[in-house]
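Asks: Next up, data04.csv (CSV, C-alpha atoms).
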chain,number,residue,atom,x,y,z
E,1,SER,CA,104.6,99.4,145.6
E,2,ILE,CA,101.1,98.2,146.6
E,3,GLN,CA,100.1,94.7,145.6
E,4,LEU,CA,96.8,95.1,143.8
E,5,ILE,CA,94.9,91.9,144.5
E,6,GLN,CA,91.5,93.6,143.6
E,7,PRO,CA,90.5,94.8,140.2
E,8,ILE,CA,92.1,98.2,139.4
E,9,HIS,CA,88.8,100.2,139.2
E,10,TYR,CA,88.2,99.1,142.8
E,11,HIS,CA,91.3,101.0,143.9
E,12,TYR,CA,90.5,104.1,141.8
E,13,LEU,CA,87.1,104.4,143.4
E,14,TYR,CA,88.7,104.6,146.9
E,15,ALA,CA,91.6,106.7,145.8
E,16,LEU,CA,89.6,109.5,144.1
E,17,PRO,CA,87.7,110.8,147.1
E,18,GLN,CA,90.8,110.7,149.2
E,19,LEU,CA,92.6,112.7,146.5
E,20,LEU,CA,89.8,115.3,146.5
E,21,PHE,CA,89.1,115.4,150.3
E,22,GLY,CA,92.2,114.0,151.9
E,23,GLU,CA,93.0,110.6,153.5
E,24,THR,CA,90.2,110.5,156.0
E,25,PRO,CA,87.1,108.4,156.7
E,26,HIS,CA,85.1,111.5,155.6
E,27,ALA,CA,86.3,111.0,152.1
E,28,ILE,CA,85.1,107.4,152.0
E,29,ARG,CA,81.7,108.3,153.3
E,30,THR,CA,81.4,110.9,150.6
E,31,LEU,CA,82.0,108.1,148.0
E,32,SER,CA,79.3,106.0,149.7
E,33,ILE,CA,76.7,108.8,149.6
E,34,ALA,CA,77.5,109.7,146.0
E,35,VAL,CA,77.2,106.1,144.8
E,36,GLY,CA,74.0,105.6,146.6
E,37,VAL,CA,72.4,108.8,145.3
E,38,ILE,CA,73.5,108.4,141.7
E,39,ALA,CA,72.4,104.7,141.6
E,40,ALA,CA,68.9,105.6,142.9
E,41,THR,CA,68.6,108.5,140.5
E,42,LEU,CA,69.6,106.3,137.5
E,43,PHE,CA,67.1,103.6,138.6
E,44,GLY,CA,64.3,106.2,138.8
E,45,LEU,CA,65.1,107.4,135.3
E,46,PHE,CA,65.2,103.8,134.0
E,47,CYS,CA,61.7,103.1,135.5
E,48,ARG,CA,60.5,106.3,133.9
E,49,GLU,CA,61.7,105.3,130.5
E,50,ALA,CA,61.0,101.5,130.6
E,51,ILE,CA,57.9,101.2,132.8
E,52,SER,CA,55.9,104.3,133.5
E,53,ARG,CA,56.1,108.1,133.5
E,54,ASP,CA,53.7,108.3,136.5
E,55,ARG,CA,55.4,110.5,139.1
E,56,THR,CA,54.2,108.4,141.9
E,57,VAL,CA,55.7,105.3,140.4
E,58,VAL,CA,59.0,107.0,139.6
E,59,PHE,CA,59.2,108.5,143.1
E,60,THR,CA,58.5,105.2,144.8
E,61,ALA,CA,61.1,103.4,142.6
E,62,THR,CA,63.8,106.0,143.4
E,63,ILE,CA,63.2,106.1,147.2
E,64,ALA,CA,62.8,102.3,147.5
E,65,PHE,CA,66.1,101.8,145.6
E,66,ALA,CA,67.9,104.4,147.6
E,67,SER,CA,66.8,102.8,150.9
E,68,LEU,CA,67.4,99.1,150.0
E,69,SER,CA,70.7,99.7,148.2
E,70,ASN,CA,72.3,101.2,151.3
E,71,LEU,CA,71.7,98.2,153.5
E,72,SER,CA,75.4,97.6,153.8
E,73,ARG,CA,78.2,97.2,156.3
E,74,GLY,CA,81.3,99.2,157.0
E,75,LEU,CA,82.4,102.7,156.3
E,76,ALA,CA,82.8,102.4,152.5
E,77,THR,CA,80.6,101.4,149.7
E,78,HIS,CA,80.9,97.8,148.5
E,79,PRO,CA,82.0,97.0,145.0
E,80,GLU,CA,78.6,95.3,144.5
E,81,LEU,CA,76.8,98.6,144.9
E,82,VAL,CA,79.0,100.1,142.2
E,83,MET,CA,78.3,97.1,139.9
E,84,VAL,CA,74.6,97.7,140.5
E,85,LEU,CA,75.0,101.4,139.6
E,86,LEU,CA,76.7,100.5,136.3
E,87,LEU,CA,74.1,97.8,135.6
E,88,VAL,CA,71.3,100.3,135.9
E,89,ALA,CA,73.2,102.7,133.7
E,90,VAL,CA,73.4,100.0,131.1
E,91,TRP,CA,69.7,99.4,131.3
E,92,LEU,CA,69.0,103.1,130.9
E,93,LEU,CA,71.2,103.3,127.8
E,94,MET,CA,69.3,100.2,126.4
E,95,THR,CA,66.1,102.3,126.4
E,96,ARG,CA,67.8,104.5,123.8
E,97,ILE,CA,68.3,101.7,121.3
E,98,PRO,CA,65.8,101.9,118.5
E,99,GLY,CA,64.1,98.8,117.0
E,100,ARG,CA,66.2,99.2,113.9
E,101,GLY,CA,69.6,100.8,113.1
E,102,THR,CA,73.0,100.7,114.8
E,103,PRO,CA,73.4,103.4,117.4
E,104,VAL,CA,77.2,103.2,117.6
E,105,GLY,CA,77.6,105.8,120.4
E,106,VAL,CA,75.0,104.1,122.7
E,107,LEU,CA,76.5,100.6,122.1
E,108,LEU,CA,80.0,101.8,122.8
E,109,GLY,CA,78.7,103.5,126.0
E,110,ILE,CA,77.2,100.2,127.1
E,111,GLY,CA,80.5,98.4,126.4
E,112,ALA,CA,82.4,101.0,128.3
E,113,LEU,CA,80.1,100.6,131.3
E,114,TRP,CA,80.6,96.9,131.3
E,115,GLY,CA,84.3,97.3,131.1
E,116,ALA,CA,84.3,99.6,134.1
E,117,ALA,CA,82.0,97.2,136.0
E,118,PHE,CA,84.3,94.2,135.3
E,119,GLN,CA,87.2,96.2,136.6
E,120,VAL,CA,85.3,96.7,139.9
E,121,ASN,CA,84.4,93.1,140.5
E,122,TYR,CA,84.9,90.0,138.4
E,123,LEU,CA,81.4,88.7,139.3
E,124,THR,CA,80.3,91.2,136.6
E,125,ALA,CA,81.0,88.4,134.2
E,126,PHE,CA,77.7,86.8,135.3
E,127,LEU,CA,75.8,90.1,134.8
E,128,ILE,CA,77.3,90.3,131.3
E,129,LEU,CA,76.1,86.8,130.6
E,130,ALA,CA,72.5,87.8,131.7
E,131,PHE,CA,72.8,90.9,129.5
E,132,CYS,CA,73.8,88.8,126.4
E,133,LEU,CA,70.6,86.8,126.8
E,134,ASP,CA,68.6,89.9,127.6
E,135,TYR,CA,69.8,91.8,124.5
E,136,LEU,CA,69.1,88.7,122.3
E,137,ILE,CA,65.5,88.9,123.4
E,138,ILE,CA,65.3,92.6,122.5
E,139,ARG,CA,66.8,92.0,119.0
E,140,LEU,CA,64.5,89.0,118.4
E,141,ARG,CA,61.4,91.1,119.3
E,142,ALA,CA,62.6,94.0,117.1
E,143,ASP,CA,62.9,92.1,113.8
E,144,ARG,CA,62.8,88.9,111.9
E,145,LEU,CA,65.2,86.1,112.9
E,146,ALA,CA,67.9,86.5,110.3
E,147,ARG,CA,68.1,90.3,110.6
E,148,ALA,CA,67.8,90.1,114.4
E,149,LEU,CA,70.8,87.7,114.6
E,150,ARG,CA,72.8,89.8,112.2
E,151,ASP,CA,72.2,93.0,114.3
E,152,TYR,CA,72.8,91.1,117.5
E,153,LEU,CA,76.3,90.0,116.3
E,154,LEU,CA,77.1,93.5,114.9
E,155,HIS,CA,76.0,95.2,118.0
E,156,GLY,CA,77.8,92.7,120.1
E,157,ALA,CA,81.1,93.5,118.3
E,158,ILE,CA,80.6,97.2,118.9
E,159,ILE,CA,79.8,96.7,122.6
E,160,PHE,CA,82.9,94.5,122.9
E,161,ALA,CA,85.0,97.3,121.4
E,162,GLY,CA,83.7,99.7,124.0
E,163,PHE,CA,84.3,97.1,126.7
E,164,LEU,CA,87.9,96.5,125.5
E,165,ALA,CA,88.6,100.3,125.3
E,166,SER,CA,87.3,100.9,128.9
E,167,PHE,CA,89.2,97.8,130.2
E,168,LEU,CA,92.5,98.9,128.7
E,169,ALA,CA,92.0,102.6,129.6
E,170,LEU,CA,91.7,101.7,133.3
E,171,LEU,CA,94.9,99.7,133.1
E,172,LEU,CA,96.8,102.6,131.5
E,173,PRO,CA,98.3,104.0,134.7
E,174,ILE,CA,99.7,100.5,135.6
E,175,GLN,CA,101.1,100.2,132.0
E,176,ILE,CA,102.8,103.6,132.4
E,177,TRP,CA,104.0,103.6,136.1
E,178,GLY,CA,103.6,100.0,137.2
E,179,ASP,CA,104.1,96.4,136.3
E,180,VAL,CA,101.2,95.0,134.2
E,181,GLY,CA,102.6,91.5,134.3
E,182,GLY,CA,102.8,91.6,138.1
E,183,TYR,CA,99.3,93.0,138.3
E,184,PHE,CA,97.7,90.2,136.3
E,185,ALA,CA,99.8,87.6,138.3
E,186,ALA,CA,98.4,89.0,141.5
E,187,GLN,CA,94.8,89.0,140.0
E,188,PHE,CA,95.1,85.3,138.9
E,189,GLY,CA,96.6,84.4,142.3
E,190,TYR,CA,93.8,86.1,144.1
E,191,LEU,CA,91.1,84.5,142.0
E,192,SER,CA,92.6,81.0,142.3
E,193,GLU,CA,92.6,81.2,146.1
E,194,TYR,CA,89.2,83.0,146.4
E,195,GLY,CA,86.9,80.0,145.9
E,196,ILE,CA,85.8,77.9,148.8
E,197,ASP,CA,85.3,74.1,148.6
E,198,ARG,CA,81.8,73.9,150.0
E,199,SER,CA,79.0,71.6,149.1
E,200,LEU,CA,75.9,73.0,147.3
E,201,GLY,CA,73.7,72.0,150.3
E,202,ARG,CA,75.9,73.9,152.7
E,203,VAL,CA,75.8,77.1,150.6
E,204,LEU,CA,72.0,76.9,150.2
E,205,ALA,CA,71.7,76.3,153.9
E,206,ASP,CA,73.7,79.5,154.7
E,207,LEU,CA,71.8,81.8,152.4
E,208,PRO,CA,68.9,82.4,154.9
E,209,LYS,CA,71.4,83.1,157.6
E,210,VAL,CA,73.2,85.8,155.8
E,211,SER,CA,70.0,87.5,154.6
E,212,ARG,CA,69.1,88.6,158.1
E,213,ASP,CA,70.9,91.9,157.7
E,214,TYR,CA,69.0,92.4,154.4
E,215,ALA,CA,65.6,91.2,155.7
E,216,VAL,CA,63.7,93.9,153.8
E,217,LEU,CA,65.7,93.5,150.6
E,218,SER,CA,65.3,89.7,150.8
E,219,ALA,CA,61.6,90.2,151.3
E,220,ALA,CA,61.5,92.4,148.2
E,221,VAL,CA,63.4,89.8,146.2
E,222,LEU,CA,61.0,87.0,147.3
E,223,ALA,CA,58.0,89.1,146.5
E,224,ALA,CA,59.3,89.9,143.1
E,225,LEU,CA,59.9,86.2,142.4
E,226,ALA,CA,56.4,85.4,143.5
E,227,VAL,CA,54.9,88.1,141.3
E,228,GLY,CA,57.1,87.1,138.3
E,229,ILE,CA,56.4,83.4,138.6
E,230,ARG,CA,52.7,83.9,139.0
E,231,ALA,CA,52.7,86.2,135.9
E,232,MET,CA,54.5,83.7,133.8
E,233,LEU,CA,52.1,80.9,134.8
E,234,SER,CA,49.1,83.0,134.1
E,235,ARG,CA,47.1,82.7,130.9
E,236,ARG,CA,46.9,86.5,130.5
E,237,PRO,CA,50.1,87.7,132.2
E,238,TRP,CA,50.3,91.4,133.2
E,239,GLN,CA,46.7,92.1,132.1
E,240,GLY,CA,47.6,91.6,128.5
E,241,ASP,CA,50.5,94.1,128.6
E,242,THR,CA,53.0,92.3,126.4
E,243,GLU,CA,55.9,94.8,126.9
E,244,THR,CA,55.6,94.6,130.7
E,245,ALA,CA,55.5,90.8,130.5
E,246,VAL,CA,58.6,90.7,128.4
E,247,LEU,CA,60.4,93.1,130.8
E,248,VAL,CA,59.5,90.9,133.7
E,249,GLY,CA,60.8,87.9,131.9
E,250,ARG,CA,64.1,89.7,131.2
E,251,MET,CA,64.5,90.6,134.8
E,252,MET,CA,63.9,87.0,135.8
E,253,ILE,CA,66.9,86.1,133.7
E,254,TYR,CA,69.1,88.4,135.8
E,255,ILE,CA,67.7,87.0,139.1
E,256,ALA,CA,68.3,83.4,138.0
E,257,ILE,CA,71.9,84.1,136.8
E,258,CYS,CA,72.8,86.3,139.8
E,259,THR,CA,71.5,83.6,142.2
E,260,PHE,CA,73.5,81.0,140.3
E,261,ALA,CA,76.6,83.2,140.7
E,262,ILE,CA,76.1,83.6,144.4
E,263,VAL,CA,75.7,79.9,144.9
E,264,LEU,CA,78.7,79.1,142.6
E,265,ASN,CA,80.9,81.6,144.4
E,266,GLY,CA,80.6,79.6,147.6
E,267,ARG,CA,81.0,82.7,149.7
E,268,THR,CA,77.5,83.6,151.0
E,269,HIS,CA,78.3,87.1,152.0
E,270,ASP,CA,75.2,89.2,152.6
E,271,LYS,CA,76.4,92.0,150.3
E,272,TYR,CA,76.0,89.7,147.3
E,273,ILE,CA,72.2,90.0,147.7
E,274,LEU,CA,72.6,93.6,146.3
E,275,LEU,CA,73.1,92.0,142.9
E,276,LEU,CA,69.4,91.0,143.0
E,277,LEU,CA,68.1,94.4,143.9
E,278,PRO,CA,67.7,96.1,140.5
E,279,SER,CA,65.9,93.2,138.7
E,280,ALA,CA,63.7,92.4,141.8
E,281,LEU,CA,62.7,96.0,142.3
E,282,THR,CA,62.0,96.4,138.6
E,283,ILE,CA,59.4,93.6,138.7
E,284,LEU,CA,57.7,95.1,141.8
E,285,ILE,CA,57.6,98.6,140.1
E,286,ALA,CA,56.2,97.0,136.9
E,287,ALA,CA,53.4,95.4,139.0
E,288,LEU,CA,52.8,98.8,140.7
E,289,ALA,CA,52.6,100.6,137.4
E,290,LEU,CA,49.8,98.3,136.2
E,291,LEU,CA,47.5,99.2,139.1
E,292,PRO,CA,44.8,101.8,138.2
E,293,ASP,CA,45.6,105.3,139.2
E,294,ARG,CA,44.2,106.7,142.5
E,295,THR,CA,43.2,103.3,144.0
E,296,ASP,CA,43.7,102.1,147.5
E,297,ALA,CA,45.8,99.2,146.2
E,298,LYS,CA,48.3,101.5,144.4
E,299,LEU,CA,48.5,103.8,147.4
E,300,PHE,CA,49.2,100.8,149.7
E,301,PHE,CA,51.8,99.4,147.3
E,302,CYS,CA,53.6,102.8,147.1
E,303,THR,CA,53.4,103.2,150.9
E,304,TRP,CA,54.7,99.7,151.5
E,305,LEU,CA,57.8,100.1,149.4
E,306,VAL,CA,58.7,103.5,150.7
E,307,PHE,CA,57.8,102.9,154.3
E,308,PHE,CA,59.7,99.6,154.7
E,309,GLY,CA,62.6,100.9,152.7
E,310,VAL,CA,62.9,104.0,155.0
E,311,ILE,CA,62.4,101.8,158.1
E,312,SER,CA,65.4,99.7,157.0
E,313,LEU,CA,67.6,102.8,157.0
E,314,GLU,CA,67.3,102.8,160.8
E,315,LYS,CA,69.8,99.9,160.9
E,316,GLU,CA,73.0,101.0,162.5
E,317,ARG,CA,75.2,99.6,159.7
E,318,VAL,CA,73.5,101.6,156.9
E,319,LEU,CA,76.0,103.5,154.8
E,320,LEU,CA,73.8,106.5,154.0
E,321,LYS,CA,72.8,106.9,157.6
E,322,GLN,CA,76.4,106.6,158.7
E,323,GLY,CA,77.5,109.2,156.2
E,324,ILE,CA,74.8,111.8,157.2
E,325,GLU,CA,75.4,111.2,160.9
E,326,GLY,CA,79.1,111.6,160.4
E,327,TYR,CA,78.7,115.0,158.8
E,328,VAL,CA,76.3,116.1,161.6
E,329,ASN,CA,78.7,115.0,164.3
E,330,MET,CA,81.7,116.7,162.6
E,331,ALA,CA,79.7,119.9,162.3
E,332,ARG,CA,79.2,119.8,166.1
E,333,GLY,CA,82.9,119.3,166.6
E,334,ALA,CA,82.4,115.7,167.8
E,335,PRO,CA,84.1,112.6,166.4
E,336,ALA,CA,82.3,111.5,163.2
E,337,ASP,CA,82.0,107.9,164.4
E,338,THR,CA,83.8,105.2,166.4
E,339,LEU,CA,86.7,105.0,164.1
E,340,ASP,CA,87.2,108.7,164.3
E,341,ALA,CA,86.9,108.7,168.1
E,342,ILE,CA,89.6,105.9,168.3
E,343,SER,CA,91.8,107.8,165.9
E,344,ARG,CA,91.6,111.0,168.0
E,345,TYR,CA,92.5,109.0,171.1
E,346,ILE,CA,95.5,107.4,169.4
E,347,ARG,CA,96.8,110.7,167.9
E,348,ARG,CA,96.5,112.4,171.3
E,349,ASP,CA,98.1,109.8,173.6
E,350,LEU,CA,100.5,107.8,171.3
E,351,PRO,CA,104.1,109.2,171.5
E,352,PRO,CA,105.8,110.2,168.2
E,353,GLY,CA,107.1,107.2,166.3
E,354,GLY,CA,105.1,104.8,168.4
E,355,THR,CA,102.8,102.1,167.1
E,356,ILE,CA,99.7,100.3,168.4
E,357,TYR,CA,97.8,97.2,167.6
E,358,VAL,CA,94.0,97.4,167.6
E,359,TYR,CA,92.4,94.0,167.5
E,360,ASP,CA,89.5,93.2,165.1
E,361,TYR,CA,89.4,96.6,163.5
E,362,PRO,CA,89.9,97.7,159.9
E,363,SER,CA,93.3,98.8,158.6
E,364,MET,CA,91.7,102.2,157.8
E,365,LEU,CA,92.5,103.1,161.4
E,366,TYR,CA,96.2,103.2,160.6
E,367,LEU,CA,95.6,105.4,157.6
E,368,ALA,CA,93.4,107.8,159.7
E,369,THR,CA,96.0,108.1,162.5
E,370,GLY,CA,99.2,108.1,160.3
E,371,VAL,CA,100.6,105.3,162.5
E,372,VAL,CA,102.6,102.5,160.9
E,373,ALA,CA,100.9,99.1,161.4
E,374,PRO,CA,102.9,96.9,163.8
E,375,THR,CA,102.7,93.8,161.6
E,376,ARG,CA,102.7,93.0,157.9
E,377,PHE,CA,99.1,92.0,157.9
E,378,PRO,CA,96.5,94.6,156.9
E,379,TRP,CA,93.7,92.9,158.7
E,380,SER,CA,93.7,91.6,162.2
E,381,LEU,CA,91.8,88.5,161.3
E,382,HIS,CA,94.9,87.2,159.4
E,383,HIS,CA,96.6,86.8,162.8
E,384,LEU,CA,94.1,84.2,164.0
Using structure tokens, write down the structure that the file contains.
Replies:
Amino acid sequence: SIQLIQPIHYHYLYALPQLLFGETPHAIRTLSIAVGVIAATLFGLFCREAISRDRTVVFTATIAFASLSNLSRGLATHPELVMVLLLVAVWLLMTRIPGRGTPVGVLLGIGALWGAAFQVNYLTAFLILAFCLDYLIIRLRADRLARALRDYLLHGAIIFAGFLASFLALLLPIQIWGDVGGYFAAQFGYLSEYGIDRSLGRVLADLPKVSRDYAVLSAAVLAALAVGIRAMLSRRPWQGDTETAVLVGRMMIYIAICTFAIVLNGRTHDKYILLLLPSALTILIAALALLPDRTDAKLFFCTWLVFFGVISLEKERVLLKQGIEGYVNMARGAPADTLDAISRYIRRDLPPGGTIYVYDYPSMLYLATGVVAPTRFPWSLHHL
């Protein structure tokens, strides 16, 4: 009976922890922590396989990613962070693809991950575009032009099969118990109304404003751009390390296309900057790995990434911090957070069958209290 205006995987992600732990804010926080930890772990493994097996480098990559990826608002993880998790998982699987041959299982896995990511947020289409260019570079470096193009098309077909299987599997519950036609009608209606008619100049002018909540992450992205551009303009990029130079070039493709997607979207929400995190941090970790071991420069670089990443976690809106503090508060018998405190107040003082309107607060409050919302609008901003 719920009108699904978001991609279906988005709803699964929020429903699963509530199925396991109950319909409480605690369940959503559990999802936030799990996504953050898994994404950071996968990124550390990717850096270990693609950049360096140096424990200092891998540790720095993991901690920096965990810190910067959790600079987010609200009680629940954003779809963009789930997209980032699945993107890093794709990169990790790509390290398993040999120079020659057709690893069907790996390619199907990559396609399945893209299908799941697309069903979280349709901006994944831009990540897939960047992946297509990225994978073309990998195939062209692995073999001669004719064979490389042949393998590229064959592998692309297998990846698309995995994408299609994942895409349809996620729609299966709607096919069985719901209305598939109504679901797609709601999706198209949502997408047609989602864009904003804003000039390019206005969008670009707003980008610095929305990056304030992500100041550390924005600084990391800008640093990565500076390092990447300088390397590409250098006569001997990356100290003659061709593989690292190619990796940086590939990451620049993701940064360029994701930036284009943010600008084209017209909605300069700060959470979209998360899409730039994996590629930007990969460039910085690649630069770190090239520094000689046991040098002051390498120690400074590691300390800088870890220290400023951890400092950023002191922000009040950080998901990981909110989740941990919520558990600590509940262990003490206190309300987990402001929403929990308001929920307890309403449940204690509201008479049975009564309702209440809480201005400028998320609809999760009604779920936490079991109170029927007084209007048909799920968000108070729709009343304005």
Asks: What's the separation between atom CA of Phe59 of chain E and atom CA of Cys302 of chain E, in Å to one decimal place?
Replies: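 Between atom CA of Phe59 of chain E and atom CA of Cys302 of chain E the gap works out to 8.9 Å.
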Asks: By how many Å are atom CA of Met251 of chain E and atom CA of Ser67 of chain E apart?
Replies: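 About the pair atom CA of Met251 of chain E and atom CA of Ser67 of chain E: they are 20.3 Å apart.
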Asks: Name the residues in contact with segment 84-97 of chain E at a cut-off of 8 Å, using all atoms listed in the file, excluding same-chain residues fewer than 4 positions from it; report them as a CSV table (one decimal) with C-alpha atoms, in the frame of the given file.
Replies:
chain,number,residue,atom,x,y,z
E,35,VAL,CA,77.2,106.1,144.8
E,38,ILE,CA,73.5,108.4,141.7
E,39,ALA,CA,72.4,104.7,141.6
E,42,LEU,CA,69.6,106.3,137.5
E,43,PHE,CA,67.1,103.6,138.6
E,45,LEU,CA,65.1,107.4,135.3
E,46,PHE,CA,65.2,103.8,134.0
E,49,GLU,CA,61.7,105.3,130.5
E,50,ALA,CA,61.0,101.5,130.6
E,80,GLU,CA,78.6,95.3,144.5
E,103,PRO,CA,73.4,103.4,117.4
E,106,VAL,CA,75.0,104.1,122.7
E,109,GLY,CA,78.7,103.5,126.0
E,110,ILE,CA,77.2,100.2,127.1
E,113,LEU,CA,80.1,100.6,131.3
E,114,TRP,CA,80.6,96.9,131.3
E,116,ALA,CA,84.3,99.6,134.1
E,117,ALA,CA,82.0,97.2,136.0
E,127,LEU,CA,75.8,90.1,134.8
E,274,LEU,CA,72.6,93.6,146.3
E,275,LEU,CA,73.1,92.0,142.9
E,278,PRO,CA,67.7,96.1,140.5
Asks: Give me the residues within 9 Å of segment 139-154 of chain E as a PyMOL selection string, counting all atoms listed in the file and dropping any in the same chain fewer than 2 places off.
Replies: chain E and resi 98-102+135-137+156-159
Asks: How many Å lie between atom CA of Ile51 of chain E and atom CA of Leu108 of chain E, rounded to one decimal?
Replies: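 Atom CA of Ile51 of chain E sits 24.3 Å away from atom CA of Leu108 of chain E.
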Asks: Hey, which of E:Ala125, E:Leu365, E:Ala64, E:Ala130 ends up closest to Ile285 of chain E? Count only C-alpha atoms.
Replies: E:Ala64
Asks: Between E:Tyr345, E:Tyr254, E:Tyr366, E:Phe260, which one has atoms that come closest to Asp134 of chain E, using all atoms listed in the file?
Replies: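 Smallest separation from Asp134 of chain E among the options: E:Tyr254.
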Asks: Which residue out of E:Val372, E:Leu107, E:Ile257, E:Leu288 has the minimum interatomic distance to Ala61 of chain E when all atoms listed in the file are used?
Replies: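 Among E:Val372, E:Leu107, E:Ile257, E:Leu288, it is E:Leu288 that comes nearest to Ala61 of chain E.
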Asks: Using all atoms listed in the file, can you list as a short mmCIF file (atom, residue, chain, number, x, y, z; two decimals) with C-alpha atoms, in the coordinates of the input the residues within 9 Å of (58.0, 93.4, 132.4)?
Replies:
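Result file result_0.cif:
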data_model
loop_
_atom_site.label_atom_id
_atom_site.label_comp_id
_atom_site.auth_asym_id
_atom_site.auth_seq_id
_atom_site.Cartn_x
_atom_site.Cartn_y
_atom_site.Cartn_z
CA ALA E 50 61.00 101.50 130.60
CA ILE E 51 57.90 101.20 132.80
CA GLY E 228 57.10 87.10 138.30
CA TRP E 238 50.30 91.40 133.20
CA ASP E 241 50.50 94.10 128.60
CA THR E 242 53.00 92.30 126.40
CA GLU E 243 55.90 94.80 126.90
CA THR E 244 55.60 94.60 130.70
CA ALA E 245 55.50 90.80 130.50
CA VAL E 246 58.60 90.70 128.40
CA LEU E 247 60.40 93.10 130.80
CA VAL E 248 59.50 90.90 133.70
CA GLY E 249 60.80 87.90 131.90
CA ARG E 250 64.10 89.70 131.20
CA MET E 251 64.50 90.60 134.80
CA THR E 282 62.00 96.40 138.60
CA ILE E 283 59.40 93.60 138.70
CA ALA E 286 56.20 97.00 136.90
CA ALA E 287 53.40 95.40 139.00
#
Asks: Would you please take segment 329-334 of chain E of the structure in the block above and write all heavy atoms to a file as an mmCIF file, in the first residue's frame?
Replies:
data_model
loop_
_atom_site.group_PDB
_atom_site.id
_atom_site.type_symbol
_atom_site.label_atom_id
_atom_site.label_comp_id
_atom_site.auth_asym_id
_atom_site.auth_seq_id
_atom_site.Cartn_x
_atom_site.Cartn_y
_atom_site.Cartn_z
ATOM 1 N N ASN E 329 24.274 5.705 25.420
ATOM 2 C CA ASN E 329 23.157 6.304 26.163
ATOM 3 C C ASN E 329 22.113 5.264 26.554
ATOM 4 O O ASN E 329 21.596 5.275 27.681
ATOM 5 C CB ASN E 329 22.514 7.415 25.328
ATOM 6 C CG ASN E 329 23.410 8.621 25.158
ATOM 7 O OD1 ASN E 329 24.310 8.852 25.963
ATOM 8 N ND2 ASN E 329 23.171 9.399 24.123
ATOM 9 N N MET E 330 21.799 4.366 25.622
ATOM 10 C CA MET E 330 20.801 3.346 25.923
ATOM 11 C C MET E 330 21.291 2.387 27.002
ATOM 12 O O MET E 330 20.519 1.900 27.824
ATOM 13 C CB MET E 330 20.432 2.584 24.652
ATOM 14 C CG MET E 330 19.561 3.386 23.690
ATOM 15 S SD MET E 330 18.918 2.416 22.307
ATOM 16 C CE MET E 330 20.419 2.111 21.381
ATOM 17 N N ALA E 331 22.600 2.095 26.997
ATOM 18 C CA ALA E 331 23.164 1.222 28.034
ATOM 19 C C ALA E 331 23.036 1.856 29.416
ATOM 20 O O ALA E 331 22.917 1.154 30.430
ATOM 21 C CB ALA E 331 24.630 0.930 27.721
ATOM 22 N N ARG E 332 23.030 3.189 29.470
ATOM 23 C CA ARG E 332 22.871 3.904 30.732
ATOM 24 C C ARG E 332 21.406 4.100 31.117
ATOM 25 O O ARG E 332 21.108 4.668 32.169
ATOM 26 C CB ARG E 332 23.542 5.278 30.640
ATOM 27 C CG ARG E 332 25.058 5.210 30.456
ATOM 28 C CD ARG E 332 25.616 6.597 30.214
ATOM 29 N NE ARG E 332 27.070 6.587 30.130
ATOM 30 C CZ ARG E 332 27.807 7.649 29.782
ATOM 31 N NH1 ARG E 332 27.203 8.805 29.502
ATOM 32 N NH2 ARG E 332 29.117 7.554 29.735
ATOM 33 N N GLY E 333 20.499 3.676 30.242
ATOM 34 C CA GLY E 333 19.082 3.858 30.509
ATOM 35 C C GLY E 333 18.541 5.204 30.099
ATOM 36 O O GLY E 333 17.390 5.535 30.399
ATOM 37 N N ALA E 334 19.371 6.010 29.424
ATOM 38 C CA ALA E 334 18.958 7.342 28.974
ATOM 39 C C ALA E 334 18.442 7.267 27.541
ATOM 40 O O ALA E 334 18.679 6.284 26.829
ATOM 41 C CB ALA E 334 20.146 8.307 29.058
#
